[in-house]
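A.B. asks: Provided herewith: work39.tsv, TSV, C-alpha atoms.
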chain	number	residue	atom	x	y	z
A	163	MET	CA	-42.74	41.30	-150.51
A	164	ASN	CA	-46.53	41.65	-150.77
A	165	ILE	CA	-46.97	38.04	-149.66
A	166	ILE	CA	-44.92	38.73	-146.51
A	167	LEU	CA	-46.98	41.85	-145.69
A	168	ILE	CA	-50.27	40.06	-146.31
A	169	THR	CA	-49.15	37.15	-144.12
A	170	ALA	CA	-48.08	39.49	-141.31
A	171	VAL	CA	-51.36	41.44	-141.44
A	172	PHE	CA	-53.37	38.22	-141.49
A	173	ALA	CA	-51.41	36.88	-138.49
A	174	LEU	CA	-52.03	40.11	-136.55
A	175	VAL	CA	-55.75	40.09	-137.34
A	176	LEU	CA	-56.03	36.42	-136.41
A	177	ALA	CA	-54.14	36.95	-133.14
A	178	PHE	CA	-56.33	39.93	-132.26
A	179	SER	CA	-59.50	38.00	-133.06
A	180	LEU	CA	-58.44	34.98	-131.01
A	181	GLY	CA	-57.36	37.17	-128.09
A	182	THR	CA	-60.68	39.02	-128.12
A	183	ALA	CA	-62.60	35.75	-128.30
A	184	LEU	CA	-60.63	34.23	-125.43
A	185	GLY	CA	-61.19	37.29	-123.28
A	186	PHE	CA	-64.92	37.21	-124.07
A	187	PHE	CA	-65.35	33.53	-123.26
A	188	LYS	CA	-63.22	33.84	-120.13
A	189	LYS	CA	-65.56	36.53	-118.87
A	190	ILE	CA	-68.68	34.61	-119.85
A	191	PHE	CA	-67.63	31.28	-118.34
A	192	ALA	CA	-65.61	32.61	-115.41
A	193	VAL	CA	-66.19	30.82	-112.11
A	194	GLU	CA	-65.94	33.10	-109.12
A	195	GLU	CA	-63.52	31.87	-106.48
A	196	ASP	CA	-64.65	31.74	-102.91
A	197	PRO	CA	-62.89	34.74	-101.29
A	198	LEU	CA	-62.27	32.54	-98.24
A	199	ILE	CA	-59.85	30.45	-100.31
A	200	GLY	CA	-57.67	33.49	-100.96
A	201	GLN	CA	-57.72	34.42	-97.28
A	202	ILE	CA	-56.71	30.90	-96.28
A	203	ARG	CA	-53.95	30.87	-98.87
A	204	GLY	CA	-52.57	34.03	-97.30
A	205	PHE	CA	-51.74	32.08	-94.12
A	206	LEU	CA	-49.96	29.28	-96.02
A	207	PRO	CA	-46.23	29.43	-96.84
A	208	GLY	CA	-46.62	28.85	-100.58
A	209	ALA	CA	-44.07	26.02	-100.60
A	210	ASN	CA	-46.38	23.71	-102.59
A	211	CYS	CA	-44.54	20.75	-101.08
A	212	GLY	CA	-47.55	18.43	-100.84
A	213	ALA	CA	-47.00	17.60	-97.17
A	214	CYS	CA	-50.68	18.30	-96.54
A	215	GLY	CA	-51.68	15.60	-99.00
A	216	PHE	CA	-53.12	18.06	-101.52
A	217	PRO	CA	-51.73	19.36	-104.83
A	218	GLY	CA	-50.06	22.47	-103.48
A	219	CYS	CA	-51.19	25.27	-101.22
A	220	ASP	CA	-54.07	26.23	-103.53
A	221	GLY	CA	-55.53	22.73	-103.34
A	222	TYR	CA	-55.20	22.64	-99.57
A	223	ALA	CA	-56.75	26.10	-99.22
A	224	ALA	CA	-59.73	25.04	-101.30
A	225	ALA	CA	-60.17	21.86	-99.25
A	226	VAL	CA	-60.05	23.77	-95.95
A	227	ALA	CA	-62.56	26.30	-97.25
A	228	LYS	CA	-64.95	23.47	-98.13
A	229	GLY	CA	-64.44	21.78	-94.78
A	230	GLU	CA	-62.79	18.78	-96.42
A	231	ALA	CA	-59.41	19.10	-94.68
A	232	GLU	CA	-58.21	19.73	-91.14
A	233	ILE	CA	-56.39	22.96	-90.40
A	234	ASN	CA	-53.24	21.32	-89.03
A	235	LYS	CA	-51.99	19.59	-92.18
A	236	CYS	CA	-49.42	22.24	-93.16
A	237	THR	CA	-46.23	21.12	-91.41
A	238	VAL	CA	-44.20	23.84	-93.14
A	239	GLY	CA	-46.40	26.64	-91.80
A	240	GLY	CA	-46.63	24.84	-88.48
A	241	GLN	CA	-48.71	26.10	-85.58
A	242	THR	CA	-48.65	29.65	-86.93
A	243	ALA	CA	-50.47	28.59	-90.09
A	244	ALA	CA	-52.92	26.45	-88.12
A	245	ASN	CA	-53.75	29.36	-85.84
A	246	GLY	CA	-54.30	31.59	-88.86
A	247	LEU	CA	-56.66	29.08	-90.47
A	248	SER	CA	-58.45	28.68	-87.15
A	249	SER	CA	-59.18	32.41	-87.11
A	250	LEU	CA	-60.90	32.04	-90.49
A	251	VAL	CA	-62.77	28.74	-90.30
A	252	GLY	CA	-62.86	28.09	-86.56
A	253	GLY	CA	-61.73	25.08	-84.61
A	254	SER	CA	-58.34	24.42	-83.12
A	255	ALA	CA	-55.68	21.83	-83.81
A	256	ALA	CA	-52.13	21.25	-82.68
A	257	VAL	CA	-49.41	20.77	-85.28
A	258	VAL	CA	-46.81	18.20	-84.32
A	259	PRO	CA	-43.47	19.30	-85.85
A	260	VAL	CA	-41.63	16.39	-87.43
A	261	ILE	CA	-38.15	15.89	-88.83
A	262	ALA	CA	-36.63	13.44	-91.28
A	263	VAL	CA	-34.29	10.78	-89.88
A	264	MET	CA	-32.12	8.55	-92.03
A	265	ALA	CA	-32.44	4.95	-90.80
A	266	CYS	CA	-29.41	3.60	-92.62
A	267	ARG	CA	-25.67	4.04	-92.16
A	268	GLY	CA	-24.66	1.90	-95.14
A	269	THR	CA	-21.88	4.14	-96.41
A	270	HIS	CA	-19.50	3.32	-99.27
A	271	GLU	CA	-16.93	2.21	-96.74
A	272	LYS	CA	-19.22	0.03	-94.62
A	273	ALA	CA	-21.78	-1.49	-97.01
A	274	LYS	CA	-20.66	-3.83	-99.79
A	275	LEU	CA	-21.99	-3.57	-103.34
A	276	LYS	CA	-23.25	-6.51	-105.41
A	277	GLY	CA	-21.21	-5.27	-108.33
A	278	GLU	CA	-20.84	-2.30	-110.67
A	279	TYR	CA	-24.21	-0.72	-111.42
A	280	ILE	CA	-24.42	0.89	-114.88
A	281	GLY	CA	-28.15	1.56	-115.05
A	282	VAL	CA	-30.18	4.75	-114.58
A	283	LYS	CA	-28.73	6.76	-111.70
A	284	SER	CA	-31.87	6.73	-109.60
A	285	CYS	CA	-32.65	4.94	-106.35
A	286	ARG	CA	-36.04	3.84	-107.65
A	287	ALA	CA	-34.60	2.58	-110.94
A	288	ALA	CA	-31.86	0.69	-109.10
A	289	LYS	CA	-34.40	-0.84	-106.73
A	290	ILE	CA	-36.66	-1.99	-109.56
A	291	SER	CA	-33.89	-3.36	-111.75
A	292	THR	CA	-31.62	-4.98	-109.16
A	293	GLY	CA	-33.58	-5.25	-105.92
A	294	SER	CA	-30.66	-3.39	-104.36
A	295	ILE	CA	-27.23	-2.45	-105.64
A	296	LYS	CA	-25.90	-3.39	-102.19
A	297	LEU	CA	-25.71	-6.82	-100.64
A	298	CYS	CA	-27.97	-5.42	-97.95
A	299	SER	CA	-31.38	-5.42	-99.64
A	300	TRP	CA	-32.69	-2.74	-97.27
A	301	GLY	CA	-29.84	-0.24	-97.58
A	302	CYS	CA	-29.71	3.23	-99.10
A	303	GLN	CA	-29.08	3.08	-102.85
A	304	GLY	CA	-27.18	6.36	-102.69
A	305	PHE	CA	-28.38	8.16	-105.83
A	306	GLY	CA	-30.07	10.99	-103.94
A	307	ASP	CA	-33.69	10.78	-105.11
A	308	CYS	CA	-34.62	12.19	-101.71
A	309	VAL	CA	-32.23	15.13	-102.16
A	310	LYS	CA	-33.76	15.98	-105.53
A	311	VAL	CA	-37.31	16.27	-104.17
A	312	CYS	CA	-36.43	18.33	-101.09
A	313	LYS	CA	-37.59	21.92	-101.70
A	314	PHE	CA	-35.91	23.29	-98.59
A	315	ASP	CA	-32.29	22.29	-99.19
A	316	ALA	CA	-32.46	20.21	-96.01
A	317	LEU	CA	-30.88	17.11	-97.56
A	318	SER	CA	-27.49	16.66	-99.14
A	319	MET	CA	-25.48	13.69	-100.35
A	320	GLY	CA	-22.38	13.23	-98.26
A	321	GLY	CA	-19.05	12.02	-99.53
A	322	ASP	CA	-19.84	8.76	-97.74
A	323	GLY	CA	-22.61	7.95	-100.25
A	324	ILE	CA	-25.70	8.45	-98.11
A	325	PRO	CA	-27.94	11.51	-97.60
A	326	HIS	CA	-27.61	13.71	-94.53
A	327	VAL	CA	-30.38	15.80	-92.97
A	328	ASP	CA	-29.92	19.43	-91.95
A	329	ALA	CA	-32.20	19.57	-88.91
A	330	ALA	CA	-32.31	23.37	-88.97
A	331	LYS	CA	-33.75	23.41	-92.51
A	332	CYS	CA	-36.00	20.35	-92.40
A	333	THR	CA	-39.69	21.31	-92.34
A	334	GLY	CA	-41.06	17.80	-92.00
A	335	CYS	CA	-42.80	17.90	-95.37
A	336	LYS	CA	-42.15	14.15	-95.82
A	337	ALA	CA	-41.31	14.53	-99.50
A	338	CYS	CA	-38.06	12.62	-98.98
A	339	SER	CA	-39.66	9.77	-97.03
A	340	ASN	CA	-42.39	9.43	-99.66
A	341	GLU	CA	-39.79	9.36	-102.46
A	342	CYS	CA	-37.43	6.82	-100.90
A	343	PRO	CA	-38.07	3.37	-102.47
A	344	GLN	CA	-36.39	1.69	-99.49
A	345	HIS	CA	-38.59	3.49	-96.93
A	346	ILE	CA	-35.58	4.24	-94.76
A	347	ILE	CA	-36.20	7.95	-94.22
A	348	TRP	CA	-38.55	8.27	-91.29
A	349	ALA	CA	-40.54	11.31	-90.24
A	350	ILE	CA	-40.49	11.50	-86.43
A	351	PRO	CA	-41.81	14.12	-83.99
A	352	ARG	CA	-39.14	16.72	-83.23
A	353	GLU	CA	-39.98	16.60	-79.55
A	354	GLN	CA	-39.68	12.82	-79.32
A	355	LYS	CA	-36.76	11.87	-77.08
A	356	GLY	CA	-35.16	8.53	-76.50
A	357	ALA	CA	-32.98	5.99	-78.27
A	358	ARG	CA	-33.45	5.08	-81.91
A	359	PRO	CA	-32.00	2.34	-84.16
A	360	LEU	CA	-30.40	3.69	-87.35
A	361	CYS	CA	-30.70	0.49	-89.35
A	362	SER	CA	-33.45	-1.06	-91.43
A	363	ASN	CA	-31.83	-4.44	-92.19
A	364	LEU	CA	-34.49	-7.08	-91.54
A	365	ASN	CA	-32.15	-10.02	-92.18
A	366	VAL	CA	-32.18	-12.18	-89.04
A	367	ASN	CA	-28.94	-13.93	-90.06
A	368	LYS	CA	-26.39	-12.16	-87.84
A	369	ALA	CA	-23.36	-13.39	-89.77
A	370	MET	CA	-24.83	-12.28	-93.09
A	371	VAL	CA	-25.64	-8.81	-91.72
A	372	ALA	CA	-22.10	-8.38	-90.40
A	373	LYS	CA	-20.68	-9.54	-93.74
A	374	ASN	CA	-22.82	-7.24	-95.87
A	375	CYS	CA	-22.67	-4.07	-93.77
A	376	LYS	CA	-20.30	-3.18	-90.96
A	377	ASN	CA	-22.86	-0.67	-89.61
A	378	GLY	CA	-25.83	-3.06	-89.64
A	379	CYS	CA	-27.79	-4.25	-86.61
A	380	ILE	CA	-26.56	-7.78	-85.81
A	381	LYS	CA	-29.67	-8.68	-83.78
A	382	CYS	CA	-27.69	-9.34	-80.59
A	383	GLU	CA	-30.60	-7.95	-78.54
A	384	LEU	CA	-28.27	-6.40	-75.97
A	385	CYS	CA	-30.40	-3.25	-76.20
A	386	VAL	CA	-33.48	-5.28	-75.24
A	387	LYS	CA	-31.74	-7.11	-72.40
A	388	ASN	CA	-30.18	-3.99	-70.88
A	389	CYS	CA	-33.20	-1.69	-70.95
A	390	PRO	CA	-34.24	-1.06	-67.31
A	391	GLU	CA	-37.70	0.09	-68.43
A	392	GLN	CA	-38.20	-2.96	-70.68
A	393	CYS	CA	-39.40	-0.64	-73.43
A	394	ILE	CA	-37.45	-2.21	-76.32
A	395	ARG	CA	-38.54	-5.26	-78.27
A	396	MET	CA	-37.37	-6.86	-81.51
A	397	ALA	CA	-39.76	-6.71	-84.45
A	398	ASN	CA	-38.73	-8.16	-87.83
A	399	GLY	CA	-35.12	-8.09	-86.71
A	400	ILE	CA	-35.10	-4.40	-85.74
A	401	PRO	CA	-35.26	-2.90	-82.20
A	402	VAL	CA	-38.53	-1.06	-81.61
A	403	VAL	CA	-38.74	1.45	-78.77
A	404	ASP	CA	-41.87	2.27	-76.78
A	405	TYR	CA	-41.32	6.00	-76.30
A	406	SER	CA	-44.08	6.25	-73.73
A	407	LYS	CA	-41.79	4.28	-71.41
A	408	CYS	CA	-38.33	5.36	-72.58
A	409	THR	CA	-36.51	7.61	-70.10
A	410	SER	CA	-33.49	8.33	-72.33
A	411	CYS	CA	-31.22	6.58	-69.85
A	412	GLY	CA	-28.81	5.61	-72.64
A	413	ASN	CA	-28.18	2.03	-71.50
A	414	CYS	CA	-29.10	0.58	-74.89
A	415	VAL	CA	-26.84	3.06	-76.67
A	416	ALA	CA	-23.92	2.20	-74.42
A	417	LYS	CA	-24.40	-1.57	-74.80
A	418	CYS	CA	-24.87	-1.63	-78.59
A	419	PRO	CA	-21.61	-3.07	-80.02
A	420	ILE	CA	-22.21	-1.65	-83.51
A	421	LYS	CA	-23.51	1.72	-82.27
A	422	VAL	CA	-26.74	1.22	-84.18
A	423	MET	CA	-28.68	2.67	-81.26
A	424	VAL	CA	-28.32	6.43	-80.92
A	425	MET	CA	-29.97	9.04	-78.74
A	426	THR	CA	-32.38	11.36	-80.52
A	427	PRO	CA	-30.92	14.88	-80.29
Will you turn the file into structure tokens for me?

C.D. replies:
Amino acid sequence: MNIILITAVFALVLAFSLGTALGFFKKIFAVEEDPLIGQIRGFLPGANCGACGFPGCDGYAAAVAKGEAEINKCTVGGQTAANGLSSLVGGSAAVVPVIAVMACRGTHEKAKLKGEYIGVKSCRAAKISTGSIKLCSWGCQGFGDCVKVCKFDALSMGGDGIPHVDAAKCTGCKACSNECPQHIIWAIPREQKGARPLCSNLNVNKAMVAKNCKNGCIKCELCVKNCPEQCIRMANGIPVVDYSKCTSCGNCVAKCPIKVMVMTP
């Protein structure tokens, strides 16, 4: 019994001594934070999503205070946050709102698998170990890595096996596009209008594309040939639109036999 009491008393004394020492050294070696950092942080949303390129809102606030970062890097806070930072550090900058777009429609029903995958249920793991679990090497792997990193509940895995974006919740933080090993989630300006190809299959063999994925671009180039503004060209087997010329006429969408081309809402 005495041993237990002695041990308890010793533990309390040791804890008190260590706590006192830590408090003392914290006070002695404390580094005062620039009050501007706290003021800047007050205008940031606190999402810590990393869209700004810094480790959380604290890191971005410190960089802005030091003049090492522009004031328009917070896509979550948007123009409101930029205006707030401008009132503190000066300058002005426009924030271009962006949204995630899924450039693949390789659903379970439309895209064929190489075989049964029994590895780690992760898109990145599947990509590293197999190249692609689908016959289309550029298709969505379907394990939802992008969904897991989204802090705004803007992505969800559909019953069709590919992620779907909730435009109302998407903040354009780009976490999903950075996480995707296939690079098929694009961040585009919300205000950008015009037609867009929802396919990333770079295989120029039309027959092979059609065999591997019923929703894949078959490189027929009807979108290019039927564009009255001549603003579409083929690059690496994918239609590329010059949005400075696109008038959203919809000709390419109407002529696309696979419906790969869609109008941006």

A.B. asks: Skip Lys417 of chain A itself and residues of its chain fewer than 6 positions away, then list as a list in words all residues within 10 Å of it, counting only C-alpha atoms.

C.D. replies: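 Residues near the query, excluding close chain neighbours: Glu383, Leu384, Cys385, Val386, Lys387, Asn388, Cys389 and Met423 of chain A.
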
A.B. asks: Using all atoms listed in the file, which of A:His270, A:Arg203, A:Met264, A:Ala244 sits nearest Val424 of chain A?

C.D. replies: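 When distances to Val424 of chain A are compared using all atoms listed in the file, the smallest one comes from A:Met264.
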
A.B. asks: Do you know which residues are at most 9 Å from Ala349 of chain A counting all atoms listed in the file, after dropping those on the same chain fewer than 5 positions away, and could you put them as a short mmCIF file (atom, residue, chain, number, x, y, z; two decimals) with C-alpha atoms, in the frame of the given file?

C.D. replies:
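In the end it all went to part-v1.cif:
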data_model
loop_
_atom_site.label_atom_id
_atom_site.label_comp_id
_atom_site.auth_asym_id
_atom_site.auth_seq_id
_atom_site.Cartn_x
_atom_site.Cartn_y
_atom_site.Cartn_z
CA VAL A 260 -41.63 16.39 -87.43
CA ILE A 261 -38.15 15.89 -88.83
CA ALA A 262 -36.63 13.44 -91.28
CA VAL A 263 -34.29 10.78 -89.88
CA GLY A 334 -41.06 17.80 -92.00
CA CYS A 335 -42.80 17.90 -95.37
CA LYS A 336 -42.15 14.15 -95.82
CA SER A 339 -39.66 9.77 -97.03
#

A.B. asks: Could you jot down the atom CA of Cys414 of chain A to atom CA of Leu364 of chain A separation for me, Å, one decimal place?

C.D. replies: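 Those two atoms sit 19.1 Å apart.
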
A.B. asks: In terms of the shortest atom-to-atom distance over all atoms listed in the file, which of A:Ile166, A:Ala173, A:Ala329, A:Val371 is closest to Thr426 of chain A?

C.D. replies: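 Smallest separation from Thr426 of chain A among the options: A:Ala329.
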
A.B. asks: Which residues, written as an mmCIF file with C-alpha atoms, in the frame of the given file, have at least one atom at most 10 Å from His345 of chain A, with all atoms listed in the file counted and residues fewer than 6 positions away on the same chain left out?

C.D. replies:
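After the write, result_15.cif holds the following:
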data_model
loop_
_atom_site.group_PDB
_atom_site.id
_atom_site.type_symbol
_atom_site.label_atom_id
_atom_site.label_comp_id
_atom_site.auth_asym_id
_atom_site.auth_seq_id
_atom_site.Cartn_x
_atom_site.Cartn_y
_atom_site.Cartn_z
ATOM 1 C CA MET A 264 -32.120 8.550 -92.030
ATOM 2 C CA ALA A 265 -32.440 4.950 -90.800
ATOM 3 C CA TRP A 300 -32.690 -2.740 -97.270
ATOM 4 C CA GLY A 301 -29.840 -0.240 -97.580
ATOM 5 C CA CYS A 302 -29.710 3.230 -99.100
ATOM 6 C CA CYS A 338 -38.060 12.620 -98.980
ATOM 7 C CA SER A 339 -39.660 9.770 -97.030
ATOM 8 C CA SER A 362 -33.450 -1.060 -91.430
#

A.B. asks: Which residue gives the smallest distance to Val282 of chain A among A:Asn340, A:Asp307, A:Val258, A:Gly268, with only C-alpha atoms counted?

C.D. replies: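 Looking only at the distances to Val282 of chain A, the closest residue turns out to be A:Asp307.
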
A.B. asks: Counting only C-alpha atoms, figure out which residue out of A:Ser254, A:Gln241, A:Gln344, A:Ser318 gets nearest to Lys289 of chain A.

C.D. replies: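 Counting only C-alpha atoms, the residue closest to Lys289 of chain A is A:Gln344.
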
A.B. asks: Would you mind reading off the distance between atom CA of Ala255 of chain A and atom CA of Ala209 of chain A, one decimal, in Å?

C.D. replies: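 Atom-to-atom, atom CA of Ala255 of chain A and atom CA of Ala209 of chain A are spaced 20.8 Å apart.
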
A.B. asks: Taking into account all atoms listed in the file, which residue in the set A:Cys266, A:Asn367, A:Lys272, A:Gly304 is nearest to Val422 of chain A?

C.D. replies: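 Comparing A:Cys266, A:Asn367, A:Lys272, A:Gly304 against Val422 of chain A, the winner is A:Cys266.
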
A.B. asks: In Å, rounded to a single decimal, give me how far atom CA of Ser179 of chain A is from atom CA of Asn164 of chain A.

C.D. replies: 22.3 Å

A.B. asks: Counting all atoms listed in the file, which residues of segment 273-331 of chain A sit at most 12 Å from some atom of segment 210-220 of chain A, and what is each one's closest atom pair with its distance in Å to one decimal, listed by chain and rising residue number, as CSV?

C.D. replies:
residue,atom,partner,partner_atom,distance
A:Val311,CA,A:Cys211,CA,9.0
A:Cys312,CA,A:Cys211,CA,8.5
A:Lys313,CA,A:Cys211,CA,7.1
A:Phe314,CA,A:Cys211,CA,9.3

A.B. asks: I'd like to know which of A:Arg267, A:Ala337, A:Val309, A:Ile280 is closest to Val238 of chain A, using only C-alpha atoms.

C.D. replies: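 Among A:Arg267, A:Ala337, A:Val309, A:Ile280, it is A:Ala337 that comes nearest to Val238 of chain A.
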